[in-house]
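Raw work31.cif, mmCIF, C-alpha atoms:
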data_coords
#
loop_
_atom_site.label_atom_id
_atom_site.label_comp_id
_atom_site.auth_asym_id
_atom_site.auth_seq_id
_atom_site.Cartn_x
_atom_site.Cartn_y
_atom_site.Cartn_z
CA MET A 6 12.14 14.48 3.93
CA SER A 7 13.07 16.97 6.60
CA GLU A 8 10.18 19.42 6.30
CA THR A 9 7.35 19.30 8.81
CA ILE A 10 4.01 18.26 7.32
CA ASP A 11 0.72 19.10 9.00
CA LEU A 12 -2.18 16.76 8.29
CA ASP A 13 -4.46 18.17 10.97
CA GLY A 14 -8.10 17.74 9.97
CA GLN A 15 -7.49 14.78 7.67
CA VAL A 16 -8.98 11.35 8.25
CA ALA A 17 -6.85 8.46 6.99
CA LEU A 18 -7.87 4.83 6.61
CA VAL A 19 -4.92 2.40 6.58
CA THR A 20 -5.51 -1.24 5.67
CA GLY A 21 -3.10 -3.88 6.89
CA GLY A 22 -2.35 -1.46 9.71
CA GLY A 23 -1.81 -4.07 12.39
CA ARG A 24 1.90 -4.56 11.77
CA GLY A 25 4.86 -3.87 9.48
CA ILE A 26 4.62 -1.08 6.94
CA GLY A 27 0.93 -0.49 7.67
CA ARG A 28 1.60 0.12 11.34
CA ALA A 29 4.48 2.47 10.54
CA VAL A 30 2.29 4.39 8.08
CA ALA A 31 -0.56 4.69 10.58
CA ILE A 32 1.78 5.98 13.28
CA ALA A 33 3.48 8.46 10.93
CA LEU A 34 0.16 9.85 9.69
CA ALA A 35 -1.04 10.29 13.28
CA GLU A 36 2.21 12.02 14.23
CA ALA A 37 1.57 14.46 11.38
CA GLY A 38 -1.86 15.25 12.85
CA ALA A 39 -4.24 13.00 10.93
CA SER A 40 -6.98 11.00 12.62
CA VAL A 41 -6.20 7.43 11.63
CA ALA A 42 -8.56 4.50 11.19
CA VAL A 43 -6.57 1.28 11.45
CA THR A 44 -7.91 -1.91 9.93
CA ALA A 45 -6.69 -5.48 9.50
CA ARG A 46 -8.15 -8.93 10.06
CA THR A 47 -6.40 -9.53 13.39
CA GLU A 48 -8.09 -7.47 16.09
CA ALA A 49 -5.23 -7.72 18.59
CA GLN A 50 -2.75 -6.27 16.11
CA VAL A 51 -5.08 -3.41 15.19
CA ASP A 52 -5.64 -2.62 18.87
CA GLU A 53 -1.88 -2.53 19.46
CA THR A 54 -1.31 -0.02 16.66
CA VAL A 55 -4.08 2.19 18.01
CA ARG A 56 -2.64 1.93 21.53
CA LEU A 57 0.77 3.10 20.30
CA ILE A 58 -0.78 6.07 18.49
CA ARG A 59 -2.92 7.14 21.42
CA GLU A 60 -0.08 6.81 23.94
CA ALA A 61 1.92 9.20 21.74
CA GLY A 62 -0.93 11.71 21.82
CA GLY A 63 -2.44 10.91 18.43
CA THR A 64 -6.00 10.18 17.36
CA ALA A 65 -6.86 6.71 16.08
CA GLY A 66 -9.61 4.12 16.00
CA ALA A 67 -9.54 0.34 15.64
CA PHE A 68 -11.76 -1.13 12.91
CA PRO A 69 -10.96 -4.82 12.30
CA ALA A 70 -12.27 -6.10 8.97
CA ASP A 71 -11.65 -8.43 6.04
CA VAL A 72 -11.01 -6.13 3.07
CA SER A 73 -11.90 -8.84 0.55
CA ASP A 74 -15.49 -9.02 1.89
CA PRO A 75 -17.79 -6.44 0.20
CA GLU A 76 -20.25 -6.24 3.10
CA ALA A 77 -17.43 -5.92 5.65
CA VAL A 78 -15.88 -3.10 3.61
CA GLU A 79 -19.15 -1.17 3.47
CA ARG A 80 -19.55 -1.52 7.24
CA LEU A 81 -15.93 -0.51 7.76
CA VAL A 82 -16.19 2.73 5.82
CA GLY A 83 -19.51 3.54 7.47
CA ASP A 84 -18.06 2.95 10.95
CA VAL A 85 -14.97 5.05 10.18
CA THR A 86 -17.10 7.90 8.87
CA GLU A 87 -19.28 7.80 11.98
CA GLY A 88 -16.36 7.47 14.40
CA LEU A 89 -13.70 9.75 12.89
CA GLY A 90 -15.24 11.48 9.90
CA PRO A 91 -15.23 11.09 6.10
CA VAL A 92 -12.10 9.47 4.69
CA ASP A 93 -9.67 11.93 3.06
CA LEU A 94 -6.83 9.45 2.55
CA LEU A 95 -7.09 5.73 1.82
CA VAL A 96 -3.91 3.67 2.08
CA ASN A 97 -4.43 0.22 0.54
CA ASN A 98 -1.57 -1.61 2.21
CA ALA A 99 -3.15 -4.97 3.14
CA GLY A 100 -1.73 -7.85 1.15
CA LEU A 101 -0.95 -11.55 1.16
CA PRO A 102 2.14 -13.30 -0.21
CA SER A 103 2.00 -16.11 -2.75
CA PRO A 104 1.40 -19.58 -1.30
CA PRO A 105 4.58 -21.60 -0.75
CA GLY A 106 5.76 -23.92 -3.49
CA ARG A 107 5.91 -23.85 -7.26
CA ASP A 108 2.96 -22.41 -9.14
CA TRP A 109 2.09 -25.73 -10.73
CA GLU A 110 2.13 -27.57 -7.42
CA HIS A 111 0.17 -25.51 -4.89
CA ASP A 112 -3.57 -25.16 -4.39
CA ALA A 113 -5.30 -23.09 -7.09
CA GLU A 114 -7.90 -21.69 -4.69
CA ARG A 115 -5.18 -20.38 -2.38
CA TRP A 116 -3.49 -18.74 -5.37
CA TRP A 117 -6.77 -17.04 -6.27
CA TYR A 118 -7.38 -15.88 -2.71
CA VAL A 119 -4.17 -13.84 -2.89
CA ILE A 120 -5.64 -12.03 -5.90
CA GLN A 121 -8.89 -11.44 -4.01
CA VAL A 122 -7.16 -9.78 -1.08
CA ASN A 123 -4.50 -7.88 -3.03
CA VAL A 124 -6.68 -6.60 -5.88
CA ARG A 125 -10.32 -6.95 -4.91
CA GLY A 126 -9.62 -5.44 -1.50
CA PRO A 127 -8.22 -2.13 -2.85
CA TYR A 128 -11.02 -2.03 -5.42
CA LEU A 129 -13.73 -2.49 -2.79
CA LEU A 130 -12.19 0.11 -0.47
CA SER A 131 -11.76 2.61 -3.31
CA ARG A 132 -15.33 1.99 -4.45
CA ALA A 133 -16.58 2.65 -0.92
CA VAL A 134 -14.70 5.91 -0.24
CA LEU A 135 -14.77 7.53 -3.68
CA PRO A 136 -18.41 8.75 -3.70
CA GLY A 137 -17.72 10.81 -0.57
CA MET A 138 -14.41 12.11 -1.91
CA ILE A 139 -16.05 13.11 -5.19
CA GLU A 140 -18.87 14.87 -3.36
CA ARG A 141 -16.35 16.88 -1.34
CA GLY A 142 -14.08 17.49 -4.34
CA ARG A 143 -10.93 16.12 -2.72
CA GLY A 144 -9.26 12.91 -1.61
CA ARG A 145 -6.23 10.70 -2.12
CA ILE A 146 -5.73 6.98 -2.52
CA VAL A 147 -2.35 5.28 -2.11
CA ASN A 148 -1.97 1.72 -3.39
CA VAL A 149 1.10 -0.02 -1.97
CA LEU A 150 2.79 -2.37 -4.43
CA GLY A 151 6.54 -2.01 -5.09
CA SER A 152 8.88 -3.64 -7.59
CA SER A 153 6.85 -6.87 -7.63
CA SER A 154 4.46 -5.05 -9.96
CA TYR A 155 7.02 -5.00 -12.77
CA LEU A 156 9.76 -7.54 -11.94
CA ALA A 157 9.60 -11.31 -12.29
CA SER A 158 9.64 -13.20 -8.99
CA PRO A 159 10.02 -16.97 -9.35
CA TYR A 160 7.41 -18.99 -7.45
CA SER A 161 5.45 -15.87 -6.47
CA SER A 162 3.17 -15.36 -9.45
CA ALA A 163 0.04 -14.80 -7.36
CA TYR A 164 1.70 -11.88 -5.59
CA THR A 165 3.35 -10.39 -8.68
CA THR A 166 0.18 -10.79 -10.75
CA SER A 167 -1.87 -9.06 -8.08
CA LYS A 168 0.54 -6.14 -7.83
CA ALA A 169 0.75 -5.72 -11.60
CA ALA A 170 -3.05 -5.64 -11.73
CA LEU A 171 -3.14 -3.11 -8.90
CA TYR A 172 -0.64 -0.92 -10.76
CA SER A 173 -2.89 -0.88 -13.83
CA MET A 174 -6.03 -0.28 -11.76
CA THR A 175 -4.38 2.70 -10.09
CA ARG A 176 -3.57 4.37 -13.39
CA SER A 177 -7.08 3.88 -14.71
CA LEU A 178 -8.66 5.09 -11.47
CA ALA A 179 -6.45 8.18 -11.41
CA ALA A 180 -7.53 9.07 -14.95
CA ALA A 181 -11.20 8.53 -14.11
CA THR A 182 -11.18 10.64 -10.94
CA GLN A 183 -8.89 13.50 -11.96
CA GLU A 184 -11.79 15.75 -12.93
CA PHE A 185 -13.21 15.42 -9.41
CA GLY A 186 -10.07 16.57 -7.60
CA ILE A 187 -8.98 13.05 -6.56
CA SER A 188 -5.38 11.83 -6.71
CA VAL A 189 -4.46 8.14 -6.86
CA PHE A 190 -0.93 6.79 -6.55
CA ASN A 191 1.08 3.62 -6.96
CA TYR A 192 3.55 3.57 -4.09
CA GLY A 193 6.75 1.59 -3.74
CA PRO A 194 7.62 1.28 -0.03
CA GLY A 195 11.07 -0.18 -0.61
CA LEU A 196 12.41 -3.43 0.80
CA VAL A 197 11.31 -3.52 4.42
CA ARG A 198 11.79 -6.37 6.86
CA THR A 199 8.20 -7.38 7.60
CA GLU A 200 6.41 -10.63 8.33
CA LEU A 201 5.66 -10.88 4.61
CA THR A 202 9.26 -10.45 3.42
CA LYS A 203 10.56 -12.74 6.16
CA TYR A 204 8.04 -15.36 5.01
CA MET A 205 9.24 -14.96 1.41
CA ALA A 206 12.78 -15.59 2.66
CA GLY A 207 11.76 -18.49 4.89
CA PRO A 208 12.02 -22.26 4.67
CA GLU A 209 8.56 -22.74 3.15
CA MET A 210 9.49 -20.93 -0.06
CA PRO A 211 11.46 -22.67 -2.82
CA ARG A 212 15.15 -22.09 -3.31
CA PRO A 213 16.87 -20.11 -4.73
CA ALA A 214 14.13 -17.43 -4.61
CA ALA A 215 14.03 -17.49 -0.81
CA GLU A 216 17.81 -17.24 -0.61
CA VAL A 217 17.82 -14.16 -2.83
CA MET A 218 15.23 -12.47 -0.62
CA ALA A 219 17.08 -13.46 2.57
CA ALA A 220 20.33 -12.02 1.23
CA ALA A 221 18.61 -8.78 0.15
CA LEU A 222 17.15 -8.30 3.63
CA GLU A 223 20.68 -8.29 5.04
CA THR A 224 22.04 -5.61 2.68
CA ASP A 225 21.78 -1.85 2.48
CA LEU A 226 18.89 -2.35 0.02
CA ARG A 227 16.68 -2.73 3.08
CA ILE A 228 15.05 0.36 4.56
CA GLU A 229 13.28 0.88 7.85
CA PRO A 230 9.46 0.99 8.04
CA GLU A 231 9.56 4.56 9.36
CA GLU A 232 11.44 5.75 6.26
CA SER A 233 8.92 4.02 4.04
CA ALA A 234 6.07 5.68 5.92
CA GLU A 235 7.52 9.14 5.29
CA GLY A 236 6.65 8.82 1.63
CA VAL A 237 2.98 8.24 2.39
CA VAL A 238 2.91 11.29 4.65
CA TYR A 239 4.41 13.36 1.83
CA ILE A 240 1.74 12.12 -0.58
CA ALA A 241 -0.98 12.85 2.00
CA SER A 242 0.19 16.47 2.15
CA GLY A 243 -0.84 17.07 -1.45
CA LYS A 244 2.69 17.87 -2.57
CA ALA A 245 2.67 14.92 -4.99
CA ASP A 246 -0.74 15.55 -6.58
CA ALA A 247 0.83 16.55 -9.89
CA ALA A 248 2.05 12.94 -10.17
CA SER A 249 -1.35 11.32 -9.67
CA GLY A 250 -1.49 7.99 -11.48
CA ARG A 251 2.27 7.55 -11.41
CA TYR A 252 4.48 5.11 -9.56
CA LEU A 253 6.39 6.80 -6.74
CA ASP A 254 9.10 4.79 -5.02
CA VAL A 255 10.58 5.91 -1.71
CA ARG A 256 13.97 4.49 -2.76
CA TRP A 257 14.25 6.83 -5.70
CA GLY A 258 13.28 10.02 -3.87
CA ILE A 259 9.62 10.94 -4.18
CA GLU A 260 10.22 14.68 -4.33
CA GLU A 261 12.65 14.20 -7.21
CA MET A 262 10.24 11.90 -9.05
CA VAL A 263 7.38 14.38 -8.68
CA ALA A 264 9.63 17.17 -9.94
CA ARG A 265 10.49 15.11 -13.02
CA VAL A 266 6.83 14.55 -13.79
CA VAL A 267 6.11 18.27 -13.45
CA ASP A 268 9.11 19.27 -15.58
CA SER A 269 8.75 16.68 -18.33
CA GLY A 270 5.17 15.47 -18.18
CA ASP A 271 6.60 11.95 -18.21
CA ASP A 272 4.13 9.44 -16.78
CA GLU A 273 5.84 6.22 -17.79
CA LEU A 274 7.00 4.05 -14.90
CA TYR A 275 9.72 2.28 -16.81
CA THR A 276 11.25 5.49 -18.19
CA LEU A 277 11.48 6.92 -14.69
CA GLN A 278 12.97 3.68 -13.48
CA LEU A 279 15.67 3.59 -16.17
CA ARG A 280 16.64 7.21 -15.50
CA LYS A 281 17.60 6.21 -11.99
#
Conversion result in structure tokens:
Amino acid sequence: MSETIDLDGQVALVTGGGRGIGRAVAIALAEAGASVAVTARTEAQVDETVRLIREAGGTAGAFPADVSDPEAVERLVGDVTEGLGPVDLLVNNAGLPSPPGRDWEHDAERWWYVIQVNVRGPYLLSRAVLPGMIERGRGRIVNVLGSSSYLASPYSSAYTTSKAALYSMTRSLAAATQEFGISVFNYGPGLVRTELTKYMAGPEMPRPAAEVMAAALETDLRIEPEESAEGVVYIASGKADAASGRYLDVRWGIEEMVARVVDSGDDELYTLQLRK
């Protein structure tokens, strides 16, 4: 995406912004002019992202929080609103991988905690920011999920289940908020080398699933975090609003996917996937 996008005046809240894709998204949004609230559980990582943004001349604030905690989420959104302004863009990027081992062998509570973070977190954040967005008649929510929402992944059912649920929640939320001028998107960031994907390719995960991931990370299937972040900036610009509720994947060309939706009215993820 070569065009320059100006997000001056927007306030973005990026969860899981302390590293990986979240950090790249936060930096890219700030470079485009948005004021960025960065949140994650690890304060040092959040502070580092904010430092990088500010050193580059951008505007950002650090707001460490646990997105699966309802009270923490309410405080977070209140603090962001007080410090930077009402949230115009919410990027639900925070997520946990499945616990290591086979589904029938690992701890059930740990499996469920992945669901809490990956599904309850985006729900709580959306619930907290939507009243303000509806009152102002504008706003966008981007839920980061990827191909794990529709492809089988052996020994990672907690993660794939959470992303499939998030995909469905996004579509329902987009339909419910359309009348208020809100756009909600499922976003596929592509295969990026992050701590999460390296963990999924690491020695703790069962073979051959880990070997498949490790091999993929060494091929041209992998994209850089900065490229992945470009798609979120494009969505933040409003240029993708006609595709609210759809799945947009940076690998397939977001502009092309949006154009297909506009031309055909097609809102089915799998149809768009097969056409590629």
Using all atoms listed in the file and a cutoff of 8 Å, can you tell me which residues are near (-11.9, 1.7, 12.8) in the file's coordinates, and write them out as a list in words? Ala42, Val43, Thr44, Ala65, Gly66, Ala67, Phe68, Pro69, Leu81, Asp84, Val85 and Gly88 of chain A
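Residue nearest A:Val55, chosen from A:Leu34, A:Gly23, A:Glu232, A:Ser73 and counting only C-alpha atoms: A:Gly23.
The smallest atom-to-atom distance between A:Gly126 and any of A:Lys168, A:Arg145, A:Arg107, A:Arg56, using only C-alpha atoms, is found for A:Lys168.
Nearest residue to A:Val238 among A:Ala179, A:Val72, A:Ala264, A:Ile10 is A:Ile10, counting only C-alpha atoms.
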Expressed in Å, the length from atom CA of A:Gln121 to atom CA of A:Thr166 is 11.3 Å
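Of the listed residues A:Tyr118, A:Glu261, A:Gly22, A:Pro136, the one whose atoms come nearest to A:Asn97 is A:Gly22, with distances taken using all atoms listed in the file.
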A:Val19 proximity check over A:Asn123, A:Asn98, A:Thr54, A:Ser40, using all atoms listed in the file: winner is A:Asn98
